[in-house]
$ cat upload.csv   # CSV, C-alpha atoms and all ligand atoms
chain,number,residue,atom,x,y,z
H,1,MET,CA,-6.6,-12.9,27.9
H,2,LYS,CA,-7.5,-13.6,24.2
H,3,THR,CA,-4.5,-13.5,21.9
H,4,ARG,CA,-4.9,-10.7,19.3
H,5,ILE,CA,-3.3,-10.8,15.9
H,6,PRO,CA,-3.0,-7.4,14.3
H,7,SER,CA,-4.1,-6.6,10.7
H,8,ALA,CA,-0.5,-5.7,9.7
H,9,GLY,CA,3.0,-6.7,10.7
H,10,THR,CA,6.5,-7.1,9.5
H,11,PRO,CA,8.5,-9.4,11.8
H,12,LEU,CA,11.4,-7.1,13.0
H,13,LEU,CA,14.2,-9.0,14.7
H,14,LEU,CA,16.9,-7.9,17.3
H,15,ASN,CA,19.3,-8.0,14.4
H,16,ASP,CA,17.3,-5.3,12.6
H,17,ILE,CA,17.3,-3.1,15.6
H,18,ALA,CA,21.0,-3.6,16.2
H,19,SER,CA,21.7,-2.8,12.6
H,20,ALA,CA,19.5,0.3,12.7
H,21,THR,CA,21.3,1.5,15.9
H,22,ALA,CA,24.6,1.6,13.9
H,23,GLY,CA,23.0,4.3,11.8
H,24,LEU,CA,23.3,6.7,14.7
H,25,TRP,CA,27.0,7.0,13.9
H,26,ARG,CA,27.4,5.4,10.5
H,27,HIS,CA,26.1,6.5,7.0
H,28,GLN,CA,24.1,3.4,5.7
H,29,ILE,CA,21.6,4.9,3.3
H,30,ASP,CA,23.7,4.3,0.2
H,31,ARG,CA,24.0,0.6,1.0
H,32,TYR,CA,20.3,0.4,1.5
H,33,ILE,CA,19.6,2.1,-1.8
H,34,SER,CA,21.9,-0.3,-3.6
H,35,ARG,CA,20.1,-3.3,-2.1
H,36,LEU,CA,16.7,-1.9,-3.2
H,37,LYS,CA,18.0,-1.0,-6.7
H,38,SER,CA,19.2,-4.5,-7.2
H,39,TYR,CA,16.0,-6.1,-5.8
H,40,LEU,CA,13.8,-3.9,-8.0
H,41,GLN,CA,16.2,-3.9,-11.0
H,42,THR,CA,16.0,-0.2,-11.4
H,43,PRO,CA,18.8,2.2,-12.3
H,44,ASP,CA,17.6,5.3,-10.2
H,45,LEU,CA,16.1,5.2,-6.8
H,46,CYS,CA,15.9,7.6,-3.8
H,47,LEU,CA,14.5,7.3,-0.3
H,48,VAL,CA,12.3,9.6,1.7
H,49,ASN,CA,10.2,9.3,4.9
H,50,SER,CA,7.0,7.9,3.4
H,51,GLY,CA,5.2,6.7,0.3
H,52,THR,CA,3.2,10.0,0.5
H,53,THR,CA,6.3,12.1,0.3
H,54,ALA,CA,7.7,9.8,-2.5
H,55,GLY,CA,4.5,10.5,-4.5
H,56,TYR,CA,4.7,14.2,-3.6
H,57,ILE,CA,8.2,14.8,-4.9
H,58,THR,CA,7.4,12.7,-8.0
H,59,MET,CA,4.5,14.9,-8.8
H,60,LEU,CA,6.4,18.1,-8.1
H,61,ALA,CA,8.9,16.8,-10.6
H,62,LEU,CA,6.4,15.8,-13.3
H,63,ALA,CA,4.5,19.1,-12.9
H,64,GLN,CA,7.7,20.9,-13.9
H,65,ARG,CA,7.7,19.2,-17.3
H,66,SER,CA,4.1,20.0,-18.3
H,67,SER,CA,1.4,22.6,-17.9
H,68,ARG,CA,-1.3,19.9,-17.4
H,69,ARG,CA,-2.7,19.5,-13.9
H,70,GLU,CA,-4.9,16.4,-13.5
H,71,VAL,CA,-3.9,13.2,-11.9
H,72,ILE,CA,-6.1,10.2,-12.4
H,73,ILE,CA,-6.4,7.7,-9.5
H,74,PRO,CA,-8.7,4.8,-8.7
H,75,ALA,CA,-12.0,6.0,-7.1
H,76,TYR,CA,-11.5,3.3,-4.4
H,77,THR,CA,-8.0,3.7,-2.8
H,78,ALA,CA,-6.2,5.2,0.2
H,79,PRO,CA,-7.8,8.6,0.7
H,80,SER,CA,-4.4,10.0,1.8
H,81,LEU,CA,-3.3,9.6,-1.9
H,82,THR,CA,-5.1,12.9,-2.7
H,83,LEU,CA,-2.9,14.9,-0.2
H,84,PRO,CA,0.4,14.8,-2.1
H,85,ILE,CA,-1.5,15.5,-5.4
H,86,ARG,CA,-3.1,18.7,-4.0
H,87,LYS,CA,0.0,19.8,-2.1
H,88,ALA,CA,1.9,19.6,-5.4
H,89,GLY,CA,-0.7,22.0,-6.9
H,90,LEU,CA,-2.4,19.3,-9.0
H,91,ILE,CA,-6.0,18.0,-9.2
H,92,PRO,CA,-7.0,14.5,-8.3
H,93,ARG,CA,-9.6,12.9,-10.7
H,94,CYS,CA,-11.2,9.5,-10.3
H,95,CYS,CA,-11.4,6.5,-12.5
H,96,GLU,CA,-13.9,3.6,-11.8
H,97,VAL,CA,-12.5,0.4,-10.4
H,98,SER,CA,-13.1,-3.2,-11.5
H,99,LEU,CA,-15.1,-5.6,-9.3
H,100,GLU,CA,-13.0,-8.4,-10.9
H,101,THR,CA,-9.5,-7.1,-10.3
H,102,PHE,CA,-10.3,-4.7,-7.5
H,103,ASN,CA,-8.0,-2.2,-9.2
H,104,LEU,CA,-8.4,0.7,-11.7
H,105,ASP,CA,-10.7,-0.4,-14.5
H,106,HIS,CA,-8.8,0.3,-17.7
H,107,ASP,CA,-12.0,0.1,-19.7
H,108,SER,CA,-13.2,3.1,-17.8
H,109,LEU,CA,-10.0,5.0,-18.1
H,110,ASP,CA,-10.6,6.7,-21.5
H,111,ALA,CA,-13.7,8.5,-20.0
H,112,ALA,CA,-11.5,10.0,-17.2
H,113,ILE,CA,-8.8,11.3,-19.5
H,114,THR,CA,-9.0,15.0,-20.5
H,115,SER,CA,-6.7,17.4,-22.3
H,116,ASP,CA,-5.5,18.4,-18.8
H,117,THR,CA,-4.4,14.9,-17.8
H,118,LEU,CA,-0.8,15.0,-16.6
H,119,CYS,CA,-0.6,11.4,-15.4
H,120,VAL,CA,-2.5,8.2,-14.4
H,121,MET,CA,-1.6,6.5,-11.1
H,122,PRO,CA,-2.6,2.9,-11.1
H,123,VAL,CA,-2.4,1.5,-7.6
H,124,HIS,CA,-1.7,-2.1,-6.9
H,125,MET,CA,-4.3,-2.4,-4.2
H,126,PHE,CA,-3.6,-4.9,-1.4
H,127,GLY,CA,-0.6,-6.2,-3.4
H,128,LEU,CA,-2.7,-7.2,-6.4
H,129,ALA,CA,-1.0,-6.2,-9.6
H,130,SER,CA,-2.9,-3.6,-11.7
H,131,ASP,CA,-2.8,-4.1,-15.4
H,132,VAL,CA,-0.3,-1.3,-16.3
H,133,ALA,CA,0.2,-2.6,-19.9
H,134,ALA,CA,-3.5,-2.3,-20.6
H,135,ILE,CA,-3.5,1.2,-19.1
H,136,ARG,CA,-0.6,2.1,-21.4
H,137,ARG,CA,-2.6,0.9,-24.3
H,138,VAL,CA,-5.5,3.2,-23.4
H,139,ILE,CA,-3.1,6.2,-23.0
H,140,ALA,CA,-1.4,5.3,-26.3
H,141,ASP,CA,0.5,8.4,-27.6
H,142,ARG,CA,-1.3,11.1,-25.5
H,143,ASP,CA,1.8,12.1,-23.6
H,144,ILE,CA,0.4,11.1,-20.2
H,145,ALA,CA,2.8,9.7,-17.6
H,146,VAL,CA,2.2,6.6,-15.6
H,147,ILE,CA,3.1,6.8,-11.9
H,148,ASP,CA,3.2,3.2,-10.6
H,149,ASP,CA,1.9,3.3,-7.0
H,150,ALA,CA,3.4,0.2,-5.5
H,151,ALA,CA,3.0,1.5,-1.9
H,152,SER,CA,1.3,-1.8,-0.9
H,153,SER,CA,2.8,-4.2,-3.4
H,154,PHE,CA,6.5,-4.5,-2.7
H,155,GLY,CA,7.6,-7.8,-4.2
H,156,THR,CA,4.6,-8.3,-6.5
H,157,THR,CA,5.8,-8.9,-10.1
H,158,VAL,CA,4.2,-8.9,-13.5
H,159,GLN,CA,6.1,-11.0,-16.1
H,160,GLY,CA,9.0,-11.0,-13.7
H,161,LYS,CA,9.1,-7.2,-13.4
H,162,GLN,CA,8.6,-5.6,-10.0
H,163,THR,CA,5.6,-3.4,-9.3
H,164,GLY,CA,6.9,0.1,-8.8
H,165,THR,CA,9.0,-0.2,-12.0
H,166,LEU,CA,6.1,-0.7,-14.4
H,167,GLY,CA,5.4,3.0,-15.1
H,168,ASP,CA,7.5,6.0,-16.1
H,169,VAL,CA,8.2,6.3,-12.4
H,170,GLY,CA,7.0,4.4,-9.4
H,171,PHE,CA,7.0,4.5,-5.6
H,172,ILE,CA,6.9,2.2,-2.7
H,173,SER,CA,6.0,2.6,1.0
H,174,PHE,CA,7.8,1.1,4.0
H,175,ASN,CA,5.3,2.3,6.6
H,176,ARG,CA,3.9,0.2,9.4
H,177,GLY,CA,1.2,-1.5,7.4
H,178,LYS,CA,3.2,-2.4,4.3
H,179,ASN,CA,4.8,-5.6,3.0
H,180,LEU,CA,8.2,-4.7,4.4
H,181,SER,CA,8.3,-2.1,7.1
H,182,THR,CA,11.0,0.0,8.6
H,183,LEU,CA,8.4,2.0,10.6
H,184,VAL,CA,8.4,4.8,8.1
H,185,GLY,CA,9.9,5.1,4.7
H,186,GLY,CA,9.3,5.5,1.0
H,187,ALA,CA,11.2,5.0,-2.2
H,188,VAL,CA,10.9,6.5,-5.7
H,189,ALA,CA,12.2,4.4,-8.7
H,190,THR,CA,12.6,5.4,-12.3
H,191,GLU,CA,14.6,4.7,-15.5
H,192,ASP,CA,14.1,8.2,-16.7
H,193,ASP,CA,17.4,10.0,-15.7
H,194,GLU,CA,16.2,13.5,-16.4
H,195,LEU,CA,13.0,13.0,-14.3
H,196,PHE,CA,15.2,11.5,-11.6
H,197,GLU,CA,17.3,14.6,-11.5
H,198,LEU,CA,14.2,16.7,-10.9
H,199,ILE,CA,13.0,14.3,-8.2
H,200,GLU,CA,16.4,14.3,-6.5
H,201,ALA,CA,16.4,18.1,-6.5
H,202,GLU,CA,13.0,18.1,-4.7
H,203,ARG,CA,14.2,15.4,-2.2
H,204,LYS,CA,17.2,17.5,-1.3
H,205,LYS,CA,15.0,20.4,-0.3
H,206,LEU,CA,13.3,18.2,2.4
H,207,PRO,CA,14.4,18.7,6.0
H,208,ILE,CA,16.9,16.3,7.6
H,209,ALA,CA,15.8,14.4,10.8
H,210,ASN,CA,18.0,15.7,13.6
H,211,MET,CA,19.6,13.4,16.3
H,212,THR,CA,16.7,13.6,18.7
H,213,HIS,CA,14.2,12.8,15.9
H,214,GLN,CA,16.4,9.8,14.8
H,215,ALA,CA,16.7,8.5,18.4
H,216,LYS,CA,12.9,8.7,18.7
H,217,LEU,CA,12.5,6.8,15.4
H,218,LEU,CA,14.8,4.1,16.7
H,219,LEU,CA,12.8,3.8,19.9
H,220,ASN,CA,9.6,3.6,17.9
H,221,LEU,CA,11.1,0.9,15.6
H,222,THR,CA,12.0,-1.1,18.7
H,223,ALA,CA,8.5,-0.7,20.1
H,224,LEU,CA,7.1,-1.8,16.7
H,225,SER,CA,9.2,-4.9,16.7
H,226,VAL,CA,7.4,-5.9,20.0
H,227,ALA,CA,4.0,-4.5,19.2
H,228,VAL,CA,3.4,-6.5,15.9
H,229,ARG,CA,3.9,-9.9,17.6
H,230,PRO,CA,0.7,-11.5,18.9
H,231,VAL,CA,2.0,-11.5,22.6
H,232,GLY,CA,3.2,-7.9,22.4
H,233,TYR,CA,0.1,-6.8,20.6
H,234,THR,CA,-2.3,-8.5,23.0
H,235,LEU,CA,-0.5,-7.0,26.1
H,236,LEU,CA,-0.1,-3.6,24.6
H,237,HIS,CA,-3.3,-3.4,22.7
H,238,ALA,CA,-5.0,-0.8,24.9
H,239,LEU,CA,-1.9,1.5,24.5
H,240,ILE,CA,-1.5,0.8,20.7
H,241,SER,CA,-5.2,1.6,20.0
H,242,ARG,CA,-4.6,5.2,21.2
H,243,TYR,CA,-2.1,5.6,18.3
H,244,LYS,CA,-4.2,4.2,15.6
H,245,TYR,CA,-5.5,6.6,13.0
H,246,THR,CA,-9.2,7.1,13.4
H,247,SER,CA,-9.7,10.3,11.4
H,248,LEU,CA,-8.8,11.3,7.9
H,249,HIS,CA,-5.4,12.9,7.4
H,250,THR,CA,-5.5,16.5,6.2
H,251,ASP,CA,-1.7,17.0,5.8
H,252,PHE,CA,1.5,15.0,5.9
H,253,VAL,CA,5.1,15.6,7.1
H,254,SER,CA,8.0,15.2,4.8
H,255,PHE,CA,11.7,14.7,5.6
H,256,GLN,CA,14.7,12.9,4.1
H,257,PHE,CA,15.1,9.2,4.9
H,258,PRO,CA,16.9,8.9,8.3
H,259,ASP,CA,20.2,7.0,8.5
H,260,VAL,CA,18.9,5.3,11.7
H,261,LEU,CA,16.3,3.3,9.8
H,262,ALA,CA,18.6,2.3,6.8
H,263,GLY,CA,20.3,-0.4,8.8
H,264,ALA,CA,16.9,-2.1,9.5
H,265,GLY,CA,16.1,-1.8,5.8
H,266,ILE,CA,19.4,-3.5,4.9
H,267,THR,CA,18.9,-6.5,7.2
H,268,LEU,CA,15.2,-6.8,6.3
H,269,MET,CA,16.2,-6.9,2.6
H,270,ASN,CA,18.2,-10.2,3.5
H,271,ARG,CA,14.8,-11.7,4.4
H,272,ALA,CA,12.7,-9.8,1.8
H,273,GLU,CA,12.2,-12.9,-0.4
H,274,ALA,CA,11.2,-15.1,2.5
H,275,ILE,CA,8.8,-12.5,3.9
H,276,CYS,CA,7.2,-11.9,0.4
H,277,ASP,CA,6.9,-15.7,-0.1
H,278,LEU,CA,5.0,-16.1,3.1
H,279,ARG,CA,2.6,-13.3,2.2
H,280,HIS,CA,2.2,-14.9,-1.2
H,281,ARG,CA,1.5,-18.3,0.2
H,282,ASN,CA,-0.9,-17.0,2.9
H,283,GLY,CA,-2.8,-14.9,0.3
H,284,SER,CA,-2.9,-17.7,-2.2
H,285,PHE,CA,-4.2,-20.1,0.4
H,286,LEU,CA,-7.1,-17.7,1.1
H,287,GLY,CA,-7.7,-17.2,-2.6
H,288,ASP,CA,-7.8,-20.9,-3.4
H,289,SER,CA,-10.0,-21.7,-0.3
H,290,LEU,CA,-12.5,-18.9,-0.8
H,291,GLN,CA,-12.7,-18.7,-4.6
H,292,GLY,CA,-16.1,-19.5,-6.1
H,293,LEU,CA,-18.1,-19.5,-2.8
H,294,SER,CA,-21.6,-18.1,-3.2
H,295,GLY,CA,-22.1,-14.9,-1.3
H,296,ILE,CA,-18.6,-13.5,-1.7
H,297,ARG,CA,-16.2,-12.3,-4.4
H,298,THR,CA,-12.5,-12.7,-4.4
H,299,PRO,CA,-10.1,-10.9,-6.8
H,300,VAL,CA,-9.2,-12.2,-10.2
H,301,LEU,CA,-5.4,-11.9,-10.8
H,302,ILE,CA,-4.0,-10.6,-14.0
H,303,ASP,CA,-1.9,-13.0,-16.1
H,304,GLN,CA,1.7,-13.9,-15.2
H,305,THR,CA,1.8,-12.2,-11.8
H,306,TYR,CA,3.4,-13.2,-8.6
H,307,THR,CA,1.3,-11.6,-5.9
H,308,VAL,CA,2.7,-10.5,-2.6
H,309,TYR,CA,-0.6,-9.9,-0.7
H,310,ASN,CA,-0.5,-7.0,1.6
H,311,GLN,CA,-3.9,-8.2,2.8
H,312,PHE,CA,-6.5,-10.5,1.2
H,313,PRO,CA,-9.6,-8.6,0.1
H,314,VAL,CA,-13.1,-10.3,0.0
H,315,LEU,CA,-16.3,-8.6,-1.1
H,316,VAL,CA,-19.2,-9.9,1.0
H,317,ASP,CA,-22.6,-9.6,-0.9
H,318,ASP,CA,-24.6,-9.0,2.3
H,319,PRO,CA,-23.3,-5.9,4.2
H,320,GLU,CA,-24.8,-7.1,7.4
H,321,LEU,CA,-23.0,-10.5,7.2
H,322,ARG,CA,-19.9,-8.6,6.4
H,323,SER,CA,-20.0,-6.7,9.7
H,324,ARG,CA,-20.8,-9.9,11.6
H,325,LEU,CA,-18.0,-11.8,9.9
H,326,VAL,CA,-15.5,-9.3,11.2
H,327,GLY,CA,-16.7,-10.1,14.8
H,328,MET,CA,-17.0,-13.8,14.2
H,329,ILE,CA,-13.4,-14.1,12.9
H,330,PHE,CA,-12.1,-12.1,15.8
H,331,GLU,CA,-14.0,-14.3,18.3
H,332,ARG,CA,-12.8,-17.5,16.8
H,333,THR,CA,-9.2,-16.6,15.9
H,334,GLY,CA,-8.2,-13.3,17.5
H,335,VAL,CA,-7.4,-11.9,14.1
H,336,GLU,CA,-8.2,-8.3,13.3
H,337,VAL,CA,-10.0,-8.2,10.0
H,338,THR,CA,-10.8,-4.7,8.8
H,339,LYS,CA,-13.3,-3.0,6.6
H,340,LEU,CA,-11.1,-0.4,4.9
H,341,TYR,CA,-11.6,2.0,3.3
H,342,PRO,CA,-15.1,3.1,4.5
H,343,ASP,CA,-15.7,5.4,1.6
H,344,PRO,CA,-14.5,5.9,-2.0
H,345,LEU,CA,-12.8,9.2,-2.8
H,346,HIS,CA,-15.7,10.8,-4.4
H,347,ARG,CA,-17.9,10.3,-1.3
H,348,ILE,CA,-15.2,11.7,1.0
H,349,TYR,CA,-14.1,14.8,-1.0
H,350,ASP,CA,-16.0,17.3,-3.1
H,351,MET,CA,-14.2,16.4,-6.4
H,352,GLY,CA,-16.8,18.1,-8.6
H,353,TYR,CA,-18.8,15.0,-9.5
H,354,GLY,CA,-22.3,16.3,-9.2
H,355,GLY,CA,-25.6,14.7,-10.2
H,356,THR,CA,-27.8,12.2,-8.4
H,357,ASP,CA,-26.4,9.0,-9.9
H,358,ASP,CA,-23.2,7.6,-8.3
H,359,PRO,CA,-20.4,8.2,-10.9
H,360,PHE,CA,-18.3,5.3,-9.6
H,361,PRO,CA,-20.7,2.6,-8.3
H,362,ASN,CA,-18.1,-0.1,-8.3
H,363,ALA,CA,-15.8,2.0,-6.0
H,364,SER,CA,-18.8,2.6,-3.7
H,365,TYR,CA,-19.6,-1.1,-3.8
H,366,MET,CA,-16.1,-2.0,-2.7
H,367,SER,CA,-16.2,0.4,0.2
H,368,ASP,CA,-19.5,-0.9,1.4
H,369,HIS,CA,-18.7,-4.7,1.0
H,370,ILE,CA,-15.0,-5.3,1.6
H,371,ILE,CA,-13.3,-7.1,4.4
H,372,LEU,CA,-9.5,-7.4,4.5
H,373,ILE,CA,-7.9,-10.5,5.9
H,374,PRO,CA,-4.3,-10.2,7.1
H,375,THR,CA,-1.6,-12.2,5.2
H,376,HIS,CA,1.5,-11.1,7.1
H,377,PRO,CA,4.1,-13.6,8.2
H,378,LEU,CA,3.0,-13.5,11.9
H,379,ILE,CA,-0.2,-15.3,11.1
H,380,ASP,CA,0.0,-19.2,10.9
H,381,SER,CA,-1.7,-21.7,8.7
H,382,THR,CA,-3.9,-23.1,11.4
H,383,THR,CA,-5.3,-19.6,12.0
H,384,LEU,CA,-5.8,-19.0,8.3
H,385,THR,CA,-7.7,-22.4,8.1
H,386,ASN,CA,-9.9,-21.3,11.0
H,387,ILE,CA,-10.7,-18.0,9.2
H,388,VAL,CA,-11.7,-19.9,6.0
H,389,ASP,CA,-13.8,-22.3,8.1
H,390,THR,CA,-15.6,-19.4,9.8
H,391,ILE,CA,-16.4,-17.8,6.5
H,392,ARG,CA,-17.5,-21.0,4.9
H,393,SER,CA,-19.8,-22.0,7.7
H,394,ALA,CA,-21.3,-18.4,8.0
H,395,LEU,CA,-22.0,-18.5,4.2
H,396,SER,CA,-23.5,-22.0,4.3
H,397,ARG,CA,-25.8,-21.1,7.2
H,398,GLY,CA,-26.6,-17.8,5.5
H,399,ALA,CA,-25.7,-16.6,9.0
J,1,LIG,C1,-2.1,2.9,-2.2
J,1,LIG,C2,-1.3,3.8,-1.3
J,1,LIG,N1,-0.5,4.8,-1.8
J,1,LIG,C3,0.2,5.6,-1.0
J,1,LIG,C4,0.3,5.4,0.4
J,1,LIG,C5,1.1,6.3,1.2
J,1,LIG,O1,2.2,5.6,1.9
J,1,LIG,P1,2.7,6.1,3.3
J,1,LIG,O2,1.7,5.6,4.3
J,1,LIG,O3,4.0,5.5,3.5
J,1,LIG,O4,2.7,7.6,3.3
J,1,LIG,C6,-0.5,4.4,1.0
J,1,LIG,C7,-0.5,4.2,2.4
J,1,LIG,O5,-1.3,3.6,3.0
J,1,LIG,C8,-1.3,3.5,0.1
J,1,LIG,O6,-2.0,2.5,0.6

$ encode --input "upload.csv" --output "structure tokens" --more "lines below"
Ligand SMILES: Cc1ncc(COP(=O)(O)O)c(C=O)c1O
Amino acid sequence: MKTRIPSAGTPLLLNDIASATAGLWRHQIDRYISRLKSYLQTPDLCLVNSGTTAGYITMLALAQRSSRREVIIPAYTAPSLTLPIRKAGLIPRCCEVSLETFNLDHDSLDAAITSDTLCVMPVHMFGLASDVAAIRRVIADRDIAVIDDAASSFGTTVQGKQTGTLGDVGFISFNRGKNLSTLVGGAVATEDDELFELIEAERKKLPIANMTHQAKLLLNLTALSVAVRPVGYTLLHALISRYKYTSLHTDFVSFQFPDVLAGAGITLMNRAEAICDLRHRNGSFLGDSLQGLSGIRTPVLIDQTYTVYNQFPVLVDDPELRSRLVGMIFERTGVEVTKLYPDPLHRIYDMGYGGTDDPFPNASYMSDHIILIPTHPLIDSTTLTNIVDTIRSALSRGA
């Protein structure tokens, strides 16, 4: 049987599961919050069940301080990002992305801002730092908040400051595909005490996971620790594929962060630097090896960043070669390279962008040309070298 390597994976150890189990009878969340606060260097932080919920309570809080209703997000990003915006009674609006940085194009931001803009949400796609300082310069003194979506970029820093703390408020995800995962989880961080009070008030309204729910989460965490490993993933693949999301989410569940996952978070934080460093090295290796090859584009990093790659994105000029590369890489290495996201937001939802011309051609280009190469710590350097060789030889053959 061919060994399969999943597109995402945090190496969870027995120690993490044991530490999580203690959460069934011990309160551990405060310790986990302290660890996260000191890692992120942020004064205020709270935990919930997902990045989506973290964004949701953040927007509920921001909406209480203003009558403006529009939230600007990159036109190419996780489609699920629109759900908390709408659920909070707000309106998602798109901004074009850059084919250099693969993130929100700050030169296009001014055109997206209106008198109804409540906030801009730069997203650090794939772990690549978005230029929040440039975004702030465009916003200037227009009283528009910046929500720093670091769902996929835990550990990435800009001038030594952690993503998630670069805006007025930020959030992180700890779901299965993220840089560090406790199965589910999300955090909101801010230095604005008044805003934090509003966010905390929203968090406290969320339901609390009961004992049965917590026991189920613990079982799923244990299953995840097996399923992310190549042997576990290969053996359980048929079963796991049944649980993979194949359709667009139309809603999300929210609950308070369960004690039973906090223990795993605490022990994972002991290894956070090592895990982030491996992701950084894997992504940097791919970047150095693939940069400048004709037929593909790799991201240009903004200055003074340390990038913790969630995945390494490559834009393949020829869409047909793109599809074949996914198959070729799997055949040669067993690694699951993906083509997410299949559509930009304005092609998925009716967001009021009429006309015949594509209003966000770069976002459409990204959706139609991207492949994402895993960078998680469960992928070794020989496998990465084989991926690079596969891409190089396919490009040189014009395969
Ligand atoms: C950019 C971005 N923001 C927010 C989220 C939501 O995080 P979660 O899956 O924890 O709800 C995701 C998840 O994929 C994401 O990629």

$ closest_residue --input "upload.csv" --among "H:Arg136, H:Lys205, H:His124, H:Lys161" --to "ligand LIG 1 (chain J)" --atoms "only C-alpha atoms and all ligand atoms"
H:His124

$ residues_around --input "upload.csv" --residues "H:Ile91" --least-positions-apart "4" --cutoff "7 Å" --atoms "all atoms listed in the file" --output "compact mmCIF listing (two decimals) with C-alpha atoms, in the frame of the given file"
# COMPACT_ATOMS: atom_id res chain seq x y z
CA ARG H 69 -2.70 19.50 -13.90
CA GLU H 70 -4.90 16.40 -13.50
CA VAL H 71 -3.90 13.20 -11.90
CA ILE H 85 -1.50 15.50 -5.40
CA ARG H 86 -3.10 18.70 -4.00

$ residues_near_ligand --input "upload.csv" --ligand "ligand LIG 1 (chain J)" --cutoff "7 Å" --atoms "all atoms listed in the file" --output "ChimeraX atom specification"
/H:50-53,77-78,80-81,123-125,149-152,173-175,184-186

$ residues_around --input "upload.csv" --residues "H:Ala20" --least-positions-apart "2" --cutoff "9 Å" --atoms "only C-alpha atoms" --output "list in words"
Asn15, Asp16, Ile17, Ala18, Ala22, Gly23, Leu24, Gln28, Leu218, Leu221, Asp259, Val260, Leu261, Ala262, Gly263, Ala264, Gly265, Ile266 and Thr267 of chain H

$ residues_around --input "upload.csv" --residues "H:Val158" --least-positions-apart "5" --cutoff "10 Å" --atoms "only C-alpha atoms" --output "PyMOL selection string"
chain H and resi 129-133+163+166+302-307

$ closest_residue --input "upload.csv" --among "H:His27, H:His346, H:Arg271, H:Lys339" --to "H:Tyr76" --atoms "all atoms listed in the file"
H:His346

$ atom_distance --input "upload.csv" --atom1 "atom CA of H:Ala88" --atom2 "atom CA of H:Ile57"
7.9 Å

$ closest_residue --input "upload.csv" --among "H:Ser364, H:Glu336, H:Val308, H:Glu197" --to "H:Thr234" --atoms "all atoms listed in the file"
H:Glu336

$ atom_distance --input "upload.csv" --atom1 "atom CA of H:Asp30" --atom2 "atom CA of H:Asp277"
26.1 Å

$ atom_distance --input "upload.csv" --atom1 "atom CA of H:Ser393" --atom2 "atom CA of H:Thr338"
19.5 Å

$ residues_around --input "upload.csv" --residues "H:Arg137" --least-positions-apart "4" --cutoff "12 Å" --atoms "all atoms listed in the file" --output "JSON, numbers by chain"
{"H": [106, 107, 109, 110, 131, 132, 133, 141, 142, 144, 146]}

$ residues_around --input "upload.csv" --residues "H:Ser115" --least-positions-apart "2" --cutoff "8 Å" --atoms "all atoms listed in the file" --output "PDB file with C-alpha atoms, in the frame of the given file"
ATOM      1  CA  ARG H  68      -1.300  19.900 -17.400  1.00  0.00           C
ATOM      2  CA  ILE H 113      -8.800  11.300 -19.500  1.00  0.00           C
ATOM      3  CA  THR H 117      -4.400  14.900 -17.800  1.00  0.00           C
TER       4      THR H 117
END

$ residues_near_point --input "upload.csv" --point "(-14.5, -9.8, -13.9)" --cutoff "9 Å" --atoms "all atoms listed in the file" --output "PyMOL selection string"
chain H and resi 98-101+299-300

$ closest_residue --input "upload.csv" --among "H:Met269, H:Asp368, H:Gln256, H:Tyr56" --to "H:Arg31" --atoms "all atoms listed in the file"
H:Met269

$ closest_residue --input "upload.csv" --among "H:Leu286, H:Ile370, H:Leu345, H:Leu235" --to "H:Asn386" --atoms "all atoms listed in the file"
H:Leu286

$ closest_residue --input "upload.csv" --among "H:Ile348, H:Ala227, H:Leu62, H:Ile147" --to "H:Ile199" --atoms "only C-alpha atoms"
H:Leu62

$ residues_near_point --input "upload.csv" --point "(8.9, 15.7, -6.9)" --cutoff "8 Å" --atoms "only C-alpha atoms" --output "PyMOL selection string"
chain H and resi 54-62+198-203
